[in-house]
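A.B. asks: What follows is a structure written as structure tokens; I'll ask about it next.
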Amino acid sequence: MTPEEPTAGGAPMIQLFRVCKDFGPFRHALSEVSFTVERGEFVFLTGPSGAGKSTLLKLLFREELPTSGQIVVNGRNIGVLPDGQVPYFRRTLGVVFQDFKLIARKTVFENLAFVQSVLGLSRSEQKRRAYQALKRVGLHHRMNSLPSELSGGEQQRTAIALAIVNEPVLLLADEPTGNLDPVLSEEIMKLFSEINIRGTTVFVATHDVDLIRRMGKRVVTIEKGKLRERDVAREALAREAPFLPG
Amino acid sequence: MNSRYLFGEAWAIAKSSPRHTAIAVALIALAFYVPGLFALISRNLGRLAGSVREPAAAILTLDPAADARSIAARVAGDPRVAKATIVGSAAALERFRRAYPDLGSAIADLDEAPFPPTIEVSLKPSAPPRAAREVASAARSWPGVDAAESEEEFAEKFRDGVRLLRGAGLFLGGLLTVAAILSVASAVRLAMDLHRDEIGIMRRMGATETAIRAPFWLHAFFEGLAGGALSLALLYATYRAAAWALARDPHPVLSLFWVGFLDLPTAVALPAVGAAAGFMGSLLSLSKTPKS
């Protein structure tokens with residue numbers, strides 16, 4: 001197995017076993033959290049502010065390490081992943097944040113090409129991947145614009161293009177619609193659904209309950225650092241799913 | 001990681017904080033200019049010392065009208081003296097021209113001989129340590145002798161002077177180099193802060209720490225190289241300006257100290273050490289940057 005190639009097979013994409021995360025002796029962000037996300041699933045992580053959603057995503061992304069318990073992502077026990085392997089692990093993931101996180105001085109296209117040049121891809125491969133990713137999010141016509149020239153929705157779509165440009169197996173999103181109005185939020189969710197249909201596992205943290213209900217996907221709920229899982233898919237589908245693909 | 005990314009980002013870092021980049025380059029230039037100047041002076045002093053093939057133990061400076069032969073015979077009569085050589089004004093001028101060809105034109109137009117006649121006294125190997133001083137002291141009272149200096153004393157003072165000069169240069173250079181390294185470290189830290197969004201994105205996308213830090217290393221390396229090169233250019237400008245001024249208006253002492261520029265290895269060392277200082281500054285700065 002090379003660092004770039006994760007173990008695949010039929011194993012779940014995400015497995016958490018009794019994961020705890022403490023920040024100091026008195027702040028318990030997560031307690032005994034266990035759940036599984038299968039490959040190709042689209043799962044929402046929800047809960048009130050401060051429940052531990054962002055902490056959980058940081059653990060999945062190996063930005064933080066669990067205090068105890070095990071986390072397996074794409075077949076890798078990331079709690080014991082050596083520091084030197086973390087960048088290679090991250091290349092298999094895509095991450096989207098609420099605040100877009102784009103490089104202001106670079107155009108949309110340069111933002112995407114830049115991260116690939118860091119990874120050592122050839123110029124032609126950078127162009128090909130960047131164009132494809134922008135086309136998938138419908139922004140190929142704005143590739144020469146600076147982030148400041150884009151609307152909030154377009155900036156978030158650029159951030160999603162940035163997250164998928166490396167063709168990740170798992171897409172993590174932390175409140176990706178937090179800064180967007182309901183119409184743009186639905187557009188972004190539709191985009192996530194399309195990415196999911198192409199085979200990427202999508203794991204989205206949000207507290208927008210209406211959006212979750214309309215999407216009709218599996219929901220993992222965290223409250224005060226503890227898990228409360230429920231499946232609202234059938235219930236939501238029974239009502240309406242206006243932008244569900246297919 | 002490709003070179004386009006590496007050099008492109010290093011340039012972007014330099015452009016993102018031009019004021020700090022300029023300050024860091026200027027500090028490095030200053031840091032190497034000062035010891036460079038001391039090196040230039042001590043090199044010329046060394047040349048001055050090295051121009052005498054067989055150093056005399058004492059020099060008797062004569063009145064122009066004095067009978068050099070009889071004084072030479074008198075000093076040679078001392079049992080401790082091996083040889084007393086008369087160096088006439090013309091011979092001294094010729095010797096100076098050979099040692100300092102660059103300054104020959106400066107004294108060519110003088111009506112009078114610029115150097116008085118002298119007698120160079122060499123001692124026998126068996127002469128006691130204080131013999132030169134005693135011979136010079138005795139000769140001072142002789143008629144026709146304008147001045148008599150023991151070269152032992154002078155050589156000792158000269159060596160002490162050069163040593164002091166080099167020491168001061170090294171001390172100041174060391175001090176300024178530390179300041180320059182810290183300045184580069186601070187400039188790099190600031191640049192990292194300005195680029196923290198990019199660094200965050202790069203980390204998220206799976207860039208290795210080496211790939212993230214390499215443009216900062218390169219930036220600081222070139223900052224140091226530019227500072228070292230600037231100090232070299234400033235030193236050369238100083239040398240040329242002083243040489244021009246001394247050629248127009250020769251000075252009896254300064255003209256002797258200002259006849260040649262730094263040798264090639266020292267000149268090349270300035271930008272090389274500057275680059276190393278810049279690189280060290282970036283290492284110092286980036287070693288404190290937390291990984292995430």
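Chain lettering (A, B, ...) mirrors the order of the structure tokens, residue numbering begins at 1 for each chain separately, and ligand numbering begins at 1 in order of display.
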Based on only C-alpha atoms, which of the residues in chain A come within 6 Å of chain B? I want them as a list in words.

C.D. replies: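 Result, ordered by chain then number: Glu63, Pro87, Tyr88, Arg90, Arg91, Val118, Leu119 and Gly120 of chain A.
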
A.B. asks: Which residues are close to A:Thr206, i.e. within 12 Å by only C-alpha atoms, leaving aside same-chain residues fewer than 3 positions away? Reply as an mmCIF file with N, CA and C atoms, in the first residue's frame.

C.D. replies:
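Done, and the output landed in around31.cif:
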```
data_model
loop_
_atom_site.group_PDB
_atom_site.id
_atom_site.type_symbol
_atom_site.label_atom_id
_atom_site.label_comp_id
_atom_site.auth_asym_id
_atom_site.auth_seq_id
_atom_site.Cartn_x
_atom_site.Cartn_y
_atom_site.Cartn_z
ATOM 1 N N VAL A 43 -24.467 11.298 4.814
ATOM 2 C CA VAL A 43 -24.907 11.355 6.213
ATOM 3 C C VAL A 43 -24.795 12.785 6.733
ATOM 4 N N PHE A 44 -25.847 13.207 7.433
ATOM 5 C CA PHE A 44 -25.795 14.497 8.111
ATOM 6 C C PHE A 44 -25.398 14.281 9.565
ATOM 7 N N LEU A 45 -24.553 15.177 10.061
ATOM 8 C CA LEU A 45 -24.231 15.214 11.482
ATOM 9 C C LEU A 45 -24.866 16.493 12.015
ATOM 10 N N THR A 46 -25.725 16.366 12.962
ATOM 11 C CA THR A 46 -26.398 17.557 13.461
ATOM 12 C C THR A 46 -26.392 17.615 14.985
ATOM 13 N N GLY A 47 -26.877 18.720 15.475
ATOM 14 C CA GLY A 47 -26.880 18.944 16.929
ATOM 15 C C GLY A 47 -26.750 20.432 17.168
ATOM 16 N N PRO A 48 -27.063 20.858 18.377
ATOM 17 C CA PRO A 48 -26.992 22.292 18.678
ATOM 18 C C PRO A 48 -25.550 22.800 18.672
ATOM 19 N N SER A 49 -25.422 24.118 18.662
ATOM 20 C CA SER A 49 -24.076 24.710 18.694
ATOM 21 C C SER A 49 -23.348 24.250 19.953
ATOM 22 N N GLY A 50 -22.069 23.897 19.796
ATOM 23 C CA GLY A 50 -21.272 23.452 20.934
ATOM 24 C C GLY A 50 -21.484 21.991 21.280
ATOM 25 N N ALA A 51 -22.235 21.269 20.451
ATOM 26 C CA ALA A 51 -22.510 19.855 20.749
ATOM 27 C C ALA A 51 -21.299 18.967 20.495
ATOM 28 N N GLY A 52 -20.386 19.433 19.640
ATOM 29 C CA GLY A 52 -19.194 18.625 19.325
ATOM 30 C C GLY A 52 -19.088 18.247 17.855
ATOM 31 N N LYS A 53 -19.913 18.878 17.003
ATOM 32 C CA LYS A 53 -19.897 18.529 15.565
ATOM 33 C C LYS A 53 -18.538 18.845 14.926
ATOM 34 N N SER A 54 -18.086 20.067 15.161
ATOM 35 C CA SER A 54 -16.808 20.475 14.542
ATOM 36 C C SER A 54 -15.652 19.648 15.086
ATOM 37 N N LEU A 57 -15.621 16.413 13.278
ATOM 38 C CA LEU A 57 -15.061 16.533 11.933
ATOM 39 C C LEU A 57 -13.538 16.686 11.984
ATOM 40 N N VAL A 96 -14.913 20.960 3.301
ATOM 41 C CA VAL A 96 -15.558 22.237 3.001
ATOM 42 C C VAL A 96 -15.956 22.878 4.324
ATOM 43 N N PHE A 97 -15.615 24.161 4.459
ATOM 44 C CA PHE A 97 -15.958 24.877 5.682
ATOM 45 C C PHE A 97 -16.991 25.964 5.403
ATOM 46 N N GLN A 98 -17.534 26.463 6.491
ATOM 47 C CA GLN A 98 -18.551 27.505 6.388
ATOM 48 C C GLN A 98 -17.977 28.779 5.751
ATOM 49 N N LEU A 172 -15.985 15.839 3.597
ATOM 50 C CA LEU A 172 -16.443 16.310 4.905
ATOM 51 C C LEU A 172 -16.820 17.780 4.762
ATOM 52 N N ALA A 173 -17.942 18.163 5.343
ATOM 53 C CA ALA A 173 -18.341 19.568 5.255
ATOM 54 C C ALA A 173 -18.821 20.033 6.618
ATOM 55 N N ASP A 174 -18.277 21.181 7.051
ATOM 56 C CA ASP A 174 -18.643 21.725 8.356
ATOM 57 C C ASP A 174 -19.473 22.984 8.155
ATOM 58 N N GLU A 175 -20.770 22.882 8.398
ATOM 59 C CA GLU A 175 -21.707 23.999 8.224
ATOM 60 C C GLU A 175 -21.506 24.673 6.860
ATOM 61 N N PRO A 176 -21.588 23.928 5.782
ATOM 62 C CA PRO A 176 -21.267 24.525 4.474
ATOM 63 C C PRO A 176 -22.287 25.559 4.008
ATOM 64 N N THR A 177 -23.462 25.564 4.620
ATOM 65 C CA THR A 177 -24.481 26.524 4.193
ATOM 66 C C THR A 177 -24.733 27.590 5.263
ATOM 67 N N GLY A 178 -23.861 27.630 6.240
ATOM 68 C CA GLY A 178 -24.054 28.536 7.376
ATOM 69 C C GLY A 178 -24.131 29.994 6.986
ATOM 70 N N ASN A 179 -23.428 30.372 5.906
ATOM 71 C CA ASN A 179 -23.416 31.775 5.491
ATOM 72 C C ASN A 179 -24.319 32.037 4.288
ATOM 73 N N SER A 185 -28.466 27.511 -0.171
ATOM 74 C CA SER A 185 -28.207 26.318 0.646
ATOM 75 C C SER A 185 -28.700 25.073 -0.087
ATOM 76 N N MET A 189 -26.567 21.830 -1.392
ATOM 77 C CA MET A 189 -26.928 20.454 -1.013
ATOM 78 C C MET A 189 -27.166 19.591 -2.253
ATOM 79 N N PHE A 203 -20.248 13.519 4.232
ATOM 80 C CA PHE A 203 -20.556 13.629 5.657
ATOM 81 C C PHE A 203 -20.627 15.122 5.977
ATOM 82 N N VAL A 209 -32.009 22.080 10.441
ATOM 83 C CA VAL A 209 -32.897 20.912 10.512
ATOM 84 C C VAL A 209 -33.832 20.836 9.305
ATOM 85 N N ASP A 210 -34.295 21.991 8.836
ATOM 86 C CA ASP A 210 -35.185 22.003 7.674
ATOM 87 C C ASP A 210 -34.491 21.428 6.447
ATOM 88 N N LEU A 211 -33.265 21.820 6.293
ATOM 89 C CA LEU A 211 -32.484 21.343 5.147
ATOM 90 C C LEU A 211 -32.304 19.826 5.224
ATOM 91 N N ILE A 212 -32.001 19.367 6.416
ATOM 92 C CA ILE A 212 -31.811 17.918 6.619
ATOM 93 C C ILE A 212 -33.100 17.171 6.287
ATOM 94 N N ARG A 213 -34.184 17.739 6.732
ATOM 95 C CA ARG A 213 -35.471 17.084 6.516
ATOM 96 C C ARG A 213 -35.782 17.000 5.022
ATOM 97 N N VAL A 219 -29.305 10.674 9.421
ATOM 98 C CA VAL A 219 -28.870 11.745 10.319
ATOM 99 C C VAL A 219 -28.214 11.144 11.569
ATOM 100 N N VAL A 220 -27.066 11.692 11.918
ATOM 101 C CA VAL A 220 -26.411 11.337 13.186
ATOM 102 C C VAL A 220 -26.478 12.587 14.053
ATOM 103 N N THR A 221 -27.050 12.448 15.226
ATOM 104 C CA THR A 221 -27.229 13.623 16.083
ATOM 105 C C THR A 221 -26.325 13.546 17.307
ATOM 106 N N ILE A 222 -25.701 14.677 17.592
ATOM 107 C CA ILE A 222 -24.857 14.773 18.789
ATOM 108 C C ILE A 222 -25.441 15.828 19.704
#
```

A.B. asks: From a DSSP calculation on the backbone, collect every residue of stretch 130-271 of chain B in alpha helix (DSSP H) and output the set as a ChimeraX atom specification.

C.D. replies: /B:131-139,151-194,196-204,209-248,254-257,264-271

A.B. asks: Between A:Ile197, A:Val33, A:Leu134, A:Val80, single out the one closest to A:Phe109, counting only C-alpha atoms.

C.D. replies: A:Leu134

A.B. asks: Neighbours of A:Ala130 within 10 Å (only C-alpha atoms; same-chain residues fewer than 6 positions away dropped), as a compact mmCIF listing (two decimals) with N, CA and C atoms, in the first residue's frame?

C.D. replies:
```
# COMPACT_ATOMS: atom_id res chain seq x y z
N VAL A 108 -10.14 31.95 -9.26
CA VAL A 108 -10.80 30.67 -8.97
C VAL A 108 -9.95 29.52 -9.50
N PHE A 109 -9.53 29.65 -10.76
CA PHE A 109 -8.74 28.60 -11.37
C PHE A 109 -7.41 28.41 -10.64
N GLU A 110 -6.76 29.54 -10.33
CA GLU A 110 -5.46 29.47 -9.64
C GLU A 110 -5.58 28.84 -8.26
N ASN A 111 -6.72 29.10 -7.60
CA ASN A 111 -6.94 28.47 -6.29
C ASN A 111 -6.87 26.96 -6.41
N LEU A 112 -7.53 26.46 -7.46
CA LEU A 112 -7.57 25.01 -7.63
C LEU A 112 -6.23 24.46 -8.12
N ALA A 113 -5.61 25.21 -9.04
CA ALA A 113 -4.33 24.74 -9.60
C ALA A 113 -3.24 24.78 -8.53
N PHE A 114 -3.33 25.78 -7.66
CA PHE A 114 -2.30 25.98 -6.64
C PHE A 114 -2.15 24.76 -5.74
N VAL A 115 -3.28 24.29 -5.21
CA VAL A 115 -3.18 23.16 -4.27
C VAL A 115 -2.65 21.91 -4.96
N GLN A 116 -2.89 21.82 -6.27
CA GLN A 116 -2.37 20.65 -6.97
C GLN A 116 -0.88 20.79 -7.27
N SER A 124 -0.36 20.25 -16.92
CA SER A 124 -1.51 19.84 -17.74
C SER A 124 -2.54 19.10 -16.89
N ARG A 136 -17.99 20.69 -12.70
CA ARG A 136 -18.94 19.93 -11.86
C ARG A 136 -19.73 20.84 -10.94
N HIS A 140 -17.18 26.91 -14.28
CA HIS A 140 -16.09 26.96 -15.25
C HIS A 140 -16.07 28.29 -16.01
N MET A 143 -13.84 31.01 -14.00
CA MET A 143 -12.53 30.52 -13.56
C MET A 143 -11.48 31.63 -13.43
N ALA A 161 -15.41 22.89 -5.14
CA ALA A 161 -14.54 22.46 -6.25
C ALA A 161 -13.14 22.17 -5.73
N LEU A 162 -12.69 23.01 -4.82
CA LEU A 162 -11.37 22.83 -4.21
C LEU A 162 -11.32 21.50 -3.44
N ILE A 164 -13.13 18.84 -4.04
CA ILE A 164 -13.29 17.63 -4.87
C ILE A 164 -12.25 17.52 -5.98
N VAL A 165 -11.39 18.53 -6.07
CA VAL A 165 -10.44 18.53 -7.19
C VAL A 165 -9.50 17.32 -7.16
N ASN A 166 -9.25 16.81 -5.96
CA ASN A 166 -8.38 15.63 -5.87
C ASN A 166 -9.18 14.33 -5.93
```

A.B. asks: Would you mind telling me which residue in A:Asp22, A:Glu41, A:Glu154, A:Glu64 lies nearest to A:Val204 when using only C-alpha atoms?

C.D. replies: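 With only C-alpha atoms as the atom set, the closest residue is A:Glu41.
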
A.B. asks: So that I can check the surroundings of A:Leu16, please list as a ChimeraX atom specification every protein, DNA and RNA residue that reaches within 8 Å of it, counting only C-alpha atoms and ignoring chain neighbours fewer than 6 positions away.

C.D. replies: /A:33-36,69-72

A.B. asks: Those residues you just picked out, can you put them in a file as a compact mmCIF listing (two decimals), in the first residue's frame with C-alpha atoms?

C.D. replies:
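Dumped everything to selection-v1.txt:
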```txt
# COMPACT_ATOMS: atom_id res chain seq x y z
CA VAL A 33 -19.24 8.22 20.44
CA SER A 34 -19.63 5.19 18.18
CA PHE A 35 -21.14 5.02 14.72
CA THR A 36 -20.43 3.79 11.21
CA GLY A 69 -11.33 5.25 21.37
CA GLN A 70 -10.60 4.40 17.76
CA ILE A 71 -11.37 6.12 14.49
CA VAL A 72 -11.05 4.26 11.21
```

A.B. asks: Hey, can you check how far atom CA of A:Lys217 sits from atom CA of A:Asn196?

C.D. replies: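 Computing the Euclidean distance for atom CA of A:Lys217 and atom CA of A:Asn196 yields 11.5 Å.
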
A.B. asks: Can you list every residue in stretch 55-281 of chain B that DSSP puts in strand (DSSP E), as a PyMOL selection string?

C.D. replies: chain B and resi 58-62+81-87+118-123+145-150

A.B. asks: Taking C-alpha atoms for each residue, export the selection above as an mmCIF file, in the first residue's frame.

C.D. replies:
```
data_model
loop_
_atom_site.group_PDB
_atom_site.id
_atom_site.type_symbol
_atom_site.label_atom_id
_atom_site.label_comp_id
_atom_site.auth_asym_id
_atom_site.auth_seq_id
_atom_site.Cartn_x
_atom_site.Cartn_y
_atom_site.Cartn_z
ATOM 1 C CA ALA B 58 64.969 49.104 13.553
ATOM 2 C CA ILE B 59 64.563 51.992 11.123
ATOM 3 C CA LEU B 60 66.585 55.195 11.395
ATOM 4 C CA THR B 61 64.977 58.086 9.526
ATOM 5 C CA LEU B 62 67.609 60.594 8.414
ATOM 6 C CA VAL B 81 74.030 44.497 14.340
ATOM 7 C CA ALA B 82 74.290 42.166 11.353
ATOM 8 C CA LYS B 83 73.594 44.668 8.576
ATOM 9 C CA ALA B 84 72.760 48.365 8.071
ATOM 10 C CA THR B 85 71.156 49.078 4.671
ATOM 11 C CA ILE B 86 70.759 52.592 3.324
ATOM 12 C CA VAL B 87 67.441 53.148 1.551
ATOM 13 C CA THR B 118 66.391 55.714 5.968
ATOM 14 C CA ILE B 119 68.740 53.086 7.323
ATOM 15 C CA GLU B 120 67.256 49.629 7.918
ATOM 16 C CA VAL B 121 69.057 47.820 10.698
ATOM 17 C CA SER B 122 69.085 44.015 10.862
ATOM 18 C CA LEU B 123 70.305 42.239 13.982
ATOM 19 C CA VAL B 145 69.126 61.080 12.650
ATOM 20 C CA ASP B 146 65.638 62.553 12.578
ATOM 21 C CA ALA B 147 63.890 59.590 14.180
ATOM 22 C CA ALA B 148 64.690 56.032 15.189
ATOM 23 C CA GLU B 149 62.060 53.386 15.755
ATOM 24 C CA SER B 150 62.441 49.870 16.929
#
```

A.B. asks: Calculated over only C-alpha atoms, which of the candidates B:Ile23, B:Ala277, B:Val34, B:Ala57 has the smallest distance to B:Val178?

C.D. replies: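 Among B:Ile23, B:Ala277, B:Val34, B:Ala57, it is B:Ala277 that comes nearest to B:Val178.
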